[in-house]
Amino acid sequence: MISIDTLRADALDPASPGRATTPALDEVANGGRRFPNAWSHVPLTLPSHATLFTGRLPPELGLHDNAPFPLRSDVETLATRLHAEGFATDAVIGGQPLGVGCGLERGFEHYDAPTPSEPGSALFGERSAAEVTDRALVRWRRAVGERRRFLFVHYFDPHHPYVPPADCLQGDPSDPAVRYRGEVTYVDRQIARLLAAVRQSGERCLIVVTSDHGEGLGECGESTHGFQLLPATLRVPLLIAEVAGSATTAPAPLATVAADRPIGLVDLLPTTLALLGFASPEGIAGHALQSSAPPAAHYVESLAAALQFGWAQQSGVRGDRAFLLHVGADPPLTVGPYELRPSGDGDEQWLLEPGAAPPSDERLLEWRAAYDAARSRRLPTASETATHDALTRLGYLPGSEDRERHRLLPLAENAKRPAPLARVATIEALLEAVARFEGGDPLSAVTRFTQLLDRDPDLLAARFFRARARLELEEREAGRSGVAAREAVADLARVLAAAPDYPGAPLLQIKAQTLAGDFDAAQAALLALVAREERAEVEYLFGSFLLQQVGGGRRNPFFDPEAGFERLLRSLELDPLQPALRRKVEQNLGVLARASDAPAWVAVALERVRRRRGRRYRGRSAR
Ligand SMILES: [Zn+2]
């Protein structure tokens, strides 16, 4: 199973002007089957891979974003099933959204994923296709005796940023689409090495090549993916072939499947299991291609703009050349080449491909039934305990507000929220400004956010990020006058007045108050949070607060280094995946310990943090 992250369907389509040079994948497609009508259900990496691995849809799994929740630990996956059937199971992962802890690793004897990027880093932890292939070849060649084997390989190179080797470029490298296709060509060269090894082994091998979602590349105004429900990011390539030595053939059971059959990624679990001779788990949403008629329509969703900006959740179904969608208030009449048209029922919209017409009333009922079934399907809640336990083992305790934000809103309530489709350009401008901030230029980011807020003062995300950028400026300022921090306090007060649970805002407000010198307000808010639940971020913030001597020109009356480091250590124990924080704490304690008059607690704390070195995954202590 090969997943090439962020791979647009047209990159492998021989008839498309957007195709990349991919001789290795062409050989798979030409000898096997190419299915050009394959679709992702959600344009985000982890939720999409979860559908691929479980045959279940995001609402059923309760998994709508890459974070903070992993795939719940009580559902059968392709890996757990094949492992139970006696397969040797290996995975080699190219990008951090599928890192250890995401929940996909269950069932794999070896799950080889990149280490997390440093906290605050703008880029995902990523491996090049060459490294992924090197590691995949090691896994492929391991001795497994008489056992059958399952290898999952995840390539991440076509994900933004696009930086292919020069000899993979065809065209003007200043064009992002050219660089993107260069990344695809680069991945194809690496897949050629993998395929050569498979052929050399002489083993009979079923190969599935697909992607989790596409990429906007400017289509309909979207440059990357995740925030919109549009064909460019929902359509995915799908190749299925059998390889035995030098022969590449189509699996015989798929011979009668129509080439243009609509396929959802949920269908690949039952299809793959059936091709290997196994029954599918009971009650899943996916259908095996070889043994059932296609459903009337496939469920699609994107909650990213809702989760990150508080706008509408987008969801609906995709059937023949059209989507039936719920997209929020005041959607545009057209997006790129697509027409949007009210369906005549409440807040539903048709999104029609050029030349397409809405289906008949009878079909419409089937589409609505498919939508309602997908939205209402829920796994028993008892197992949420298991998910909670899995998170706790990772040291992550999601706040209760996280859980609420990740639920599907009632449609009537959702319909009042702003439509992300009407704000494509704003989202692009926001992402560009955020990239400046994360790229280390808070000053120009503040200017960009201010421009956005001049046009739309209610743009909470711009206000939130302007506050973050201003706090960065405050921290960089030698004298720490508190001016930028006080501006951040004002911005965050407005965000919190409009959206009390805006993600990250309550914690950021405490930091802003600390830097502005309003220590009483910060301490009161911290005590309230600590009383409610134990969380790594809160402990970290409390520690930073206690270690802050001066803010906004005032001395901190609560300054207490011993208690401050105690809180930082507690934060590390709750969330062991913070290598940069661990190093920083160790360094600072080391400096303190070298002083001749170092108090005794410094040595004790230093010993405690050193003991944590190299321990990445440990259960929480009993406290
Ligand atoms: Zn992805």
# chains A, B, ... in the order shown; residues from 1 in each chain; ligands from 1
>>> residues_near_ligand(ligand="ligand 1", cutoff="12 Å", atoms="only C-alpha atoms and all ligand atoms", output="NGL selection string")
:A and (3-8 or 40 or 42-50 or 65-66 or 93-98 or 124 or 126 or 154-160 or 210-215 or 224-226 or 233-234 or 236)
>>> residues_around(residues="A:Val163", least_positions_apart="6", cutoff="8 Å", atoms="only C-alpha atoms", output="PyMOL selection string")
chain A and resi 179-180+183
>>> write_last_selection(atoms="N, CA and C atoms", output="compact mmCIF listing (two decimals), in the first residue's frame")
# COMPACT_ATOMS: atom_id res chain seq x y z
N ARG A 179 7.17 23.08 -9.70
CA ARG A 179 7.95 22.48 -8.59
C ARG A 179 7.17 21.33 -7.96
N TYR A 180 5.84 21.50 -7.85
CA TYR A 180 5.00 20.43 -7.29
C TYR A 180 5.15 19.17 -8.13
N GLU A 183 8.29 17.37 -7.57
CA GLU A 183 8.27 16.50 -6.38
C GLU A 183 7.64 15.14 -6.72
>>> select_by_dssp(residues="stretch 317-528 of chain A", states="helix (DSSP H, G or I)", output="short mmCIF file (atom, residue, chain, number, x, y, z; two decimals) with N, CA and C atoms, in the first residue's frame")
data_model
loop_
_atom_site.label_atom_id
_atom_site.label_comp_id
_atom_site.auth_asym_id
_atom_site.auth_seq_id
_atom_site.Cartn_x
_atom_site.Cartn_y
_atom_site.Cartn_z
N ASP A 361 -35.09 14.20 -8.67
CA ASP A 361 -35.58 14.23 -7.29
C ASP A 361 -35.37 12.90 -6.59
N GLU A 362 -35.55 11.83 -7.37
CA GLU A 362 -35.40 10.50 -6.79
C GLU A 362 -33.96 10.27 -6.31
N ARG A 363 -33.01 10.68 -7.20
CA ARG A 363 -31.60 10.54 -6.83
C ARG A 363 -31.27 11.44 -5.65
N LEU A 364 -31.88 12.63 -5.66
CA LEU A 364 -31.61 13.58 -4.57
C LEU A 364 -31.93 12.94 -3.21
N LEU A 365 -33.04 12.19 -3.17
CA LEU A 365 -33.40 11.53 -1.91
C LEU A 365 -32.31 10.54 -1.50
N GLU A 366 -31.75 9.84 -2.49
CA GLU A 366 -30.68 8.88 -2.18
C GLU A 366 -29.43 9.60 -1.65
N TRP A 367 -29.14 10.76 -2.28
CA TRP A 367 -27.96 11.52 -1.83
C TRP A 367 -28.15 11.99 -0.40
N ARG A 368 -29.36 12.49 -0.13
CA ARG A 368 -29.62 12.98 1.24
C ARG A 368 -29.54 11.82 2.24
N ALA A 369 -30.04 10.66 1.81
CA ALA A 369 -30.00 9.50 2.71
C ALA A 369 -28.54 9.12 3.00
N ALA A 370 -27.70 9.17 1.97
CA ALA A 370 -26.28 8.84 2.16
C ALA A 370 -25.64 9.83 3.13
N TYR A 371 -26.00 11.11 2.98
CA TYR A 371 -25.45 12.16 3.85
C TYR A 371 -25.89 11.93 5.30
N ASP A 372 -27.20 11.72 5.48
CA ASP A 372 -27.72 11.53 6.84
C ASP A 372 -27.10 10.30 7.49
N ALA A 373 -26.96 9.24 6.70
CA ALA A 373 -26.38 8.00 7.26
C ALA A 373 -24.94 8.25 7.71
N ALA A 374 -24.17 8.98 6.90
CA ALA A 374 -22.76 9.22 7.25
C ALA A 374 -22.65 10.10 8.49
N ARG A 375 -23.51 11.09 8.59
CA ARG A 375 -23.44 12.00 9.74
C ARG A 375 -23.87 11.35 11.04
N SER A 376 -24.85 10.44 10.92
CA SER A 376 -25.42 9.92 12.16
C SER A 376 -24.73 8.65 12.64
N THR A 381 -20.05 5.00 22.42
CA THR A 381 -19.22 5.96 23.13
C THR A 381 -18.36 5.32 24.20
N ALA A 382 -18.72 4.11 24.62
CA ALA A 382 -17.94 3.47 25.68
C ALA A 382 -16.46 3.47 25.33
N SER A 383 -16.16 3.29 24.05
CA SER A 383 -14.76 3.15 23.66
C SER A 383 -14.03 4.48 23.64
N GLU A 384 -14.77 5.59 23.83
CA GLU A 384 -14.04 6.85 23.95
C GLU A 384 -13.11 6.81 25.15
N THR A 385 -13.47 5.98 26.11
CA THR A 385 -12.57 5.80 27.24
C THR A 385 -11.23 5.27 26.75
N ALA A 386 -11.30 4.34 25.80
CA ALA A 386 -10.06 3.76 25.28
C ALA A 386 -9.22 4.84 24.59
N THR A 387 -9.90 5.71 23.80
CA THR A 387 -9.18 6.78 23.14
C THR A 387 -8.54 7.69 24.17
N HIS A 388 -9.33 7.99 25.21
CA HIS A 388 -8.82 8.86 26.26
C HIS A 388 -7.59 8.24 26.90
N ASP A 389 -7.66 6.91 27.12
CA ASP A 389 -6.51 6.24 27.72
C ASP A 389 -5.29 6.32 26.81
N ALA A 390 -5.55 6.16 25.49
CA ALA A 390 -4.42 6.23 24.54
C ALA A 390 -3.78 7.61 24.59
N LEU A 391 -4.61 8.64 24.64
CA LEU A 391 -4.09 10.00 24.71
C LEU A 391 -3.31 10.22 25.99
N THR A 392 -3.84 9.67 27.07
CA THR A 392 -3.19 9.86 28.35
C THR A 392 -1.82 9.20 28.34
N ARG A 393 -1.76 8.02 27.71
CA ARG A 393 -0.46 7.34 27.61
C ARG A 393 0.54 8.21 26.87
N SER A 400 -11.82 19.74 27.67
CA SER A 400 -13.19 19.41 27.29
C SER A 400 -13.63 20.26 26.11
N GLU A 401 -13.04 21.47 25.96
CA GLU A 401 -13.44 22.32 24.83
C GLU A 401 -12.97 21.71 23.50
N ASP A 402 -11.84 20.96 23.52
CA ASP A 402 -11.38 20.29 22.30
C ASP A 402 -12.46 19.33 21.81
N ARG A 403 -12.96 18.52 22.76
CA ARG A 403 -13.94 17.49 22.41
C ARG A 403 -15.19 18.15 21.80
N GLU A 404 -15.62 19.23 22.39
CA GLU A 404 -16.83 19.90 21.89
C GLU A 404 -16.61 20.46 20.49
N ARG A 405 -15.47 21.08 20.28
CA ARG A 405 -15.21 21.72 18.99
C ARG A 405 -15.16 20.69 17.87
N LEU A 411 -27.19 21.29 11.80
CA LEU A 411 -27.10 21.99 10.51
C LEU A 411 -27.65 23.42 10.60
N ALA A 412 -28.73 23.62 11.36
CA ALA A 412 -29.31 24.96 11.44
C ALA A 412 -28.33 25.94 12.09
N GLU A 413 -27.60 25.46 13.10
CA GLU A 413 -26.62 26.32 13.76
C GLU A 413 -25.44 26.60 12.83
N ASN A 414 -25.00 25.55 12.15
CA ASN A 414 -23.88 25.69 11.22
C ASN A 414 -24.18 26.69 10.11
N PRO A 420 -16.71 29.32 4.51
CA PRO A 420 -15.29 29.40 4.11
C PRO A 420 -15.11 29.61 2.60
N LEU A 421 -16.06 29.07 1.79
CA LEU A 421 -15.91 29.22 0.33
C LEU A 421 -15.96 30.68 -0.09
N ALA A 422 -16.65 31.53 0.70
CA ALA A 422 -16.72 32.95 0.36
C ALA A 422 -15.48 33.69 0.85
N ARG A 423 -14.58 32.97 1.51
CA ARG A 423 -13.41 33.61 2.13
C ARG A 423 -12.10 32.95 1.71
N VAL A 424 -12.08 32.40 0.51
CA VAL A 424 -10.88 31.71 0.03
C VAL A 424 -9.69 32.67 0.03
N ALA A 425 -9.90 33.88 -0.50
CA ALA A 425 -8.79 34.83 -0.61
C ALA A 425 -8.32 35.27 0.78
N THR A 426 -9.27 35.43 1.70
CA THR A 426 -8.90 35.83 3.06
C THR A 426 -8.08 34.73 3.73
N ILE A 427 -8.50 33.49 3.55
CA ILE A 427 -7.75 32.37 4.14
C ILE A 427 -6.34 32.33 3.56
N GLU A 428 -6.22 32.53 2.25
CA GLU A 428 -4.89 32.56 1.63
C GLU A 428 -4.02 33.65 2.24
N ALA A 429 -4.62 34.86 2.38
CA ALA A 429 -3.86 35.98 2.94
C ALA A 429 -3.47 35.70 4.39
N LEU A 430 -4.39 35.08 5.12
CA LEU A 430 -4.09 34.70 6.51
C LEU A 430 -2.92 33.71 6.57
N LEU A 431 -3.01 32.69 5.71
CA LEU A 431 -1.96 31.66 5.72
C LEU A 431 -0.62 32.27 5.35
N GLU A 432 -0.66 33.23 4.42
CA GLU A 432 0.58 33.88 4.00
C GLU A 432 1.18 34.66 5.17
N ALA A 433 0.32 35.37 5.91
CA ALA A 433 0.80 36.16 7.05
C ALA A 433 1.30 35.24 8.16
N VAL A 434 0.57 34.13 8.38
CA VAL A 434 1.01 33.17 9.41
C VAL A 434 2.37 32.59 9.02
N ALA A 435 2.55 32.32 7.72
CA ALA A 435 3.84 31.79 7.26
C ALA A 435 4.97 32.79 7.54
N ARG A 436 4.69 34.09 7.37
CA ARG A 436 5.70 35.11 7.69
C ARG A 436 6.05 35.06 9.17
N PHE A 437 5.01 34.96 9.98
CA PHE A 437 5.23 34.90 11.43
C PHE A 437 6.05 33.67 11.80
N GLU A 438 5.62 32.52 11.28
CA GLU A 438 6.31 31.29 11.64
C GLU A 438 7.69 31.22 11.00
N PRO A 442 7.96 38.45 12.64
CA PRO A 442 6.70 38.89 13.27
C PRO A 442 6.32 40.31 12.89
N LEU A 443 7.32 41.15 12.59
CA LEU A 443 7.00 42.54 12.30
C LEU A 443 6.17 42.68 11.04
N SER A 444 6.63 42.04 9.95
CA SER A 444 5.84 42.15 8.72
C SER A 444 4.53 41.36 8.84
N ALA A 445 4.54 40.32 9.68
CA ALA A 445 3.28 39.58 9.90
C ALA A 445 2.25 40.49 10.56
N VAL A 446 2.68 41.29 11.56
CA VAL A 446 1.75 42.22 12.23
C VAL A 446 1.14 43.18 11.20
N THR A 447 1.97 43.68 10.28
CA THR A 447 1.46 44.58 9.24
C THR A 447 0.39 43.89 8.41
N ARG A 448 0.67 42.63 8.01
CA ARG A 448 -0.32 41.89 7.18
C ARG A 448 -1.62 41.66 7.95
N PHE A 449 -1.50 41.24 9.20
CA PHE A 449 -2.71 40.99 9.99
C PHE A 449 -3.51 42.28 10.17
N THR A 450 -2.79 43.39 10.34
CA THR A 450 -3.49 44.68 10.51
C THR A 450 -4.25 45.04 9.24
N GLN A 451 -3.62 44.80 8.08
CA GLN A 451 -4.32 45.06 6.80
C GLN A 451 -5.60 44.23 6.71
N LEU A 452 -5.49 42.95 7.10
CA LEU A 452 -6.68 42.09 7.05
C LEU A 452 -7.76 42.60 8.01
N LEU A 453 -7.36 43.06 9.20
CA LEU A 453 -8.32 43.53 10.20
C LEU A 453 -8.93 44.87 9.81
N ASP A 454 -8.18 45.69 9.06
CA ASP A 454 -8.77 46.94 8.57
C ASP A 454 -9.96 46.65 7.67
N ARG A 455 -9.84 45.58 6.89
CA ARG A 455 -10.93 45.21 5.99
C ARG A 455 -12.05 44.49 6.74
N LEU A 460 -11.33 36.92 13.55
CA LEU A 460 -10.73 36.55 14.83
C LEU A 460 -9.36 35.91 14.65
N ALA A 461 -9.20 35.12 13.60
CA ALA A 461 -7.92 34.44 13.41
C ALA A 461 -6.81 35.47 13.22
N ALA A 462 -7.07 36.53 12.46
CA ALA A 462 -6.06 37.57 12.24
C ALA A 462 -5.74 38.27 13.56
N ARG A 463 -6.77 38.49 14.37
CA ARG A 463 -6.56 39.15 15.66
C ARG A 463 -5.74 38.25 16.59
N PHE A 464 -6.08 36.97 16.58
CA PHE A 464 -5.36 36.01 17.43
C PHE A 464 -3.88 35.95 17.02
N PHE A 465 -3.65 35.82 15.71
CA PHE A 465 -2.26 35.70 15.26
C PHE A 465 -1.50 37.02 15.39
N ARG A 466 -2.21 38.16 15.26
CA ARG A 466 -1.53 39.43 15.47
C ARG A 466 -1.05 39.50 16.92
N ALA A 467 -1.89 38.99 17.84
CA ALA A 467 -1.48 38.97 19.25
C ALA A 467 -0.23 38.09 19.43
N ARG A 468 -0.23 36.94 18.77
CA ARG A 468 0.95 36.05 18.88
C ARG A 468 2.20 36.75 18.37
N ALA A 469 2.06 37.41 17.20
CA ALA A 469 3.21 38.09 16.61
C ALA A 469 3.69 39.23 17.52
N ARG A 470 2.73 39.95 18.12
CA ARG A 470 3.11 41.06 18.99
C ARG A 470 3.83 40.55 20.24
N LEU A 471 3.40 39.41 20.75
CA LEU A 471 4.08 38.85 21.92
C LEU A 471 5.50 38.43 21.57
N GLU A 472 5.66 37.92 20.37
CA GLU A 472 7.00 37.57 19.89
C GLU A 472 7.88 38.83 19.86
N LEU A 473 7.32 39.93 19.36
CA LEU A 473 8.06 41.19 19.32
C LEU A 473 8.40 41.65 20.74
N GLU A 474 7.43 41.50 21.64
CA GLU A 474 7.66 41.91 23.03
C GLU A 474 8.82 41.12 23.62
N GLU A 475 8.83 39.80 23.35
CA GLU A 475 9.88 38.96 23.93
C GLU A 475 11.24 39.28 23.35
N ARG A 476 11.25 39.77 22.10
CA ARG A 476 12.53 40.10 21.48
C ARG A 476 13.08 41.44 21.97
N VAL A 483 4.54 47.49 25.76
CA VAL A 483 3.61 48.13 24.83
C VAL A 483 2.98 47.08 23.90
N ALA A 484 3.83 46.28 23.25
CA ALA A 484 3.30 45.27 22.32
C ALA A 484 2.45 44.25 23.08
N ALA A 485 2.85 43.91 24.29
CA ALA A 485 2.08 42.93 25.08
C ALA A 485 0.71 43.49 25.43
N ARG A 486 0.65 44.80 25.76
CA ARG A 486 -0.66 45.38 26.09
C ARG A 486 -1.57 45.40 24.86
N GLU A 487 -0.97 45.64 23.69
CA GLU A 487 -1.77 45.56 22.45
C GLU A 487 -2.29 44.14 22.24
N ALA A 488 -1.44 43.15 22.58
CA ALA A 488 -1.87 41.75 22.43
C ALA A 488 -3.00 41.44 23.41
N VAL A 489 -2.90 41.96 24.62
CA VAL A 489 -3.97 41.75 25.62
C VAL A 489 -5.30 42.28 25.06
N ALA A 490 -5.25 43.46 24.45
CA ALA A 490 -6.48 44.06 23.90
C ALA A 490 -7.04 43.20 22.76
N ASP A 491 -6.15 42.74 21.86
CA ASP A 491 -6.59 41.88 20.76
C ASP A 491 -7.26 40.61 21.30
N LEU A 492 -6.60 39.99 22.27
CA LEU A 492 -7.11 38.71 22.79
C LEU A 492 -8.40 38.91 23.57
N ALA A 493 -8.53 40.05 24.24
CA ALA A 493 -9.79 40.32 24.94
C ALA A 493 -10.94 40.36 23.94
N ARG A 494 -10.69 40.94 22.77
CA ARG A 494 -11.75 40.98 21.75
C ARG A 494 -12.04 39.59 21.20
N VAL A 495 -10.99 38.80 20.99
CA VAL A 495 -11.21 37.43 20.51
C VAL A 495 -12.05 36.64 21.52
N LEU A 496 -11.67 36.75 22.79
CA LEU A 496 -12.35 35.95 23.83
C LEU A 496 -13.77 36.45 24.09
N ALA A 497 -14.00 37.73 23.88
CA ALA A 497 -15.36 38.24 24.05
C ALA A 497 -16.27 37.65 22.98
N ALA A 498 -15.74 37.50 21.75
CA ALA A 498 -16.55 36.95 20.66
C ALA A 498 -16.60 35.42 20.71
N ALA A 505 -6.59 30.75 22.69
CA ALA A 505 -6.67 32.16 23.12
C ALA A 505 -6.62 32.32 24.65
N PRO A 506 -7.33 31.47 25.43
CA PRO A 506 -7.25 31.67 26.89
C PRO A 506 -5.81 31.56 27.41
N LEU A 507 -5.06 30.60 26.91
CA LEU A 507 -3.67 30.45 27.36
C LEU A 507 -2.82 31.62 26.90
N LEU A 508 -3.02 32.03 25.65
CA LEU A 508 -2.21 33.13 25.12
C LEU A 508 -2.50 34.42 25.89
N GLN A 509 -3.75 34.60 26.32
CA GLN A 509 -4.09 35.81 27.07
C GLN A 509 -3.29 35.87 28.38
N ILE A 510 -3.10 34.71 29.01
CA ILE A 510 -2.34 34.68 30.26
C ILE A 510 -0.88 35.08 30.00
N LYS A 511 -0.34 34.57 28.91
CA LYS A 511 1.04 34.94 28.56
C LYS A 511 1.13 36.44 28.29
N ALA A 512 0.13 36.97 27.57
CA ALA A 512 0.13 38.39 27.24
C ALA A 512 0.04 39.24 28.52
N GLN A 513 -0.82 38.81 29.43
CA GLN A 513 -0.95 39.56 30.70
C GLN A 513 0.36 39.54 31.47
N THR A 514 1.04 38.40 31.46
CA THR A 514 2.32 38.30 32.15
C THR A 514 3.33 39.28 31.56
N LEU A 515 3.43 39.26 30.23
CA LEU A 515 4.42 40.13 29.58
C LEU A 515 4.04 41.61 29.69
N ALA A 516 2.73 41.87 29.84
CA ALA A 516 2.29 43.26 29.99
C ALA A 516 2.42 43.74 31.44
N PHE A 519 0.29 40.87 36.50
CA PHE A 519 0.56 39.57 37.10
C PHE A 519 -0.63 39.01 37.88
N ASP A 520 -1.42 39.89 38.50
CA ASP A 520 -2.56 39.41 39.29
C ASP A 520 -3.57 38.69 38.40
N ALA A 521 -3.87 39.31 37.24
CA ALA A 521 -4.84 38.70 36.33
C ALA A 521 -4.31 37.36 35.82
N ALA A 522 -3.02 37.31 35.47
CA ALA A 522 -2.43 36.08 34.94
C ALA A 522 -2.48 34.98 35.99
N GLN A 523 -2.11 35.31 37.23
CA GLN A 523 -2.08 34.28 38.27
C GLN A 523 -3.48 33.74 38.55
N ALA A 524 -4.46 34.63 38.60
CA ALA A 524 -5.84 34.19 38.87
C ALA A 524 -6.32 33.24 37.77
N ALA A 525 -6.01 33.57 36.51
CA ALA A 525 -6.45 32.72 35.40
C ALA A 525 -5.74 31.37 35.44
N LEU A 526 -4.45 31.39 35.79
CA LEU A 526 -3.70 30.12 35.86
C LEU A 526 -4.25 29.22 36.95
N LEU A 527 -4.53 29.79 38.12
CA LEU A 527 -5.06 28.97 39.21
C LEU A 527 -6.40 28.36 38.82
N ALA A 528 -7.22 29.13 38.10
CA ALA A 528 -8.52 28.61 37.68
C ALA A 528 -8.34 27.43 36.71
#
>>> decode(residues="stretch 165-181 of chain A", atoms="N, CA and C atoms", output="mmCIF file, in the first residue's frame")
data_model
loop_
_atom_site.group_PDB
_atom_site.id
_atom_site.type_symbol
_atom_site.label_atom_id
_atom_site.label_comp_id
_atom_site.auth_asym_id
_atom_site.auth_seq_id
_atom_site.Cartn_x
_atom_site.Cartn_y
_atom_site.Cartn_z
ATOM 1 N N PRO A 165 14.562 18.001 -6.395
ATOM 2 C CA PRO A 165 15.901 18.110 -6.990
ATOM 3 C C PRO A 165 15.797 18.766 -8.373
ATOM 4 N N ALA A 166 16.834 19.509 -8.761
ATOM 5 C CA ALA A 166 16.785 20.285 -10.011
ATOM 6 C C ALA A 166 16.494 19.390 -11.213
ATOM 7 N N ASP A 167 17.038 18.151 -11.216
ATOM 8 C CA ASP A 167 16.867 17.324 -12.411
ATOM 9 C C ASP A 167 15.469 16.697 -12.509
ATOM 10 N N CYS A 168 14.588 17.012 -11.552
ATOM 11 C CA CYS A 168 13.197 16.553 -11.666
ATOM 12 C C CYS A 168 12.287 17.659 -12.187
ATOM 13 N N LEU A 169 12.835 18.851 -12.388
ATOM 14 C CA LEU A 169 12.022 19.989 -12.824
ATOM 15 C C LEU A 169 11.840 19.987 -14.330
ATOM 16 N N GLN A 170 10.591 20.252 -14.737
ATOM 17 C CA GLN A 170 10.331 20.431 -16.165
ATOM 18 C C GLN A 170 9.513 21.699 -16.324
ATOM 19 N N GLY A 171 10.164 22.784 -16.713
ATOM 20 C CA GLY A 171 9.457 24.049 -16.856
ATOM 21 C C GLY A 171 10.071 25.105 -15.956
ATOM 22 N N ASP A 172 9.307 26.183 -15.793
ATOM 23 C CA ASP A 172 9.793 27.357 -15.064
ATOM 24 C C ASP A 172 9.708 27.099 -13.550
ATOM 25 N N PRO A 173 10.855 27.010 -12.861
ATOM 26 C CA PRO A 173 10.831 26.672 -11.437
ATOM 27 C C PRO A 173 10.193 27.748 -10.558
ATOM 28 N N SER A 174 9.922 28.940 -11.119
ATOM 29 C CA SER A 174 9.233 29.937 -10.289
ATOM 30 C C SER A 174 7.738 29.618 -10.189
ATOM 31 N N ASP A 175 7.260 28.681 -11.021
ATOM 32 C CA ASP A 175 5.862 28.272 -10.990
ATOM 33 C C ASP A 175 5.696 27.156 -9.949
ATOM 34 N N PRO A 176 4.902 27.402 -8.897
ATOM 35 C CA PRO A 176 4.742 26.370 -7.862
ATOM 36 C C PRO A 176 4.251 25.043 -8.432
ATOM 37 N N ALA A 177 3.391 25.093 -9.478
ATOM 38 C CA ALA A 177 2.865 23.844 -10.053
ATOM 39 C C ALA A 177 3.991 23.033 -10.697
ATOM 40 N N VAL A 178 4.979 23.726 -11.263
ATOM 41 C CA VAL A 178 6.121 23.024 -11.869
ATOM 42 C C VAL A 178 6.949 22.351 -10.775
ATOM 43 N N ARG A 179 7.172 23.076 -9.698
ATOM 44 C CA ARG A 179 7.946 22.483 -8.588
ATOM 45 C C ARG A 179 7.167 21.328 -7.961
ATOM 46 N N TYR A 180 5.843 21.505 -7.846
ATOM 47 C CA TYR A 180 5.001 20.435 -7.293
ATOM 48 C C TYR A 180 5.146 19.168 -8.132
ATOM 49 N N ARG A 181 5.023 19.329 -9.458
ATOM 50 C CA ARG A 181 5.139 18.148 -10.334
ATOM 51 C C ARG A 181 6.554 17.570 -10.277
#
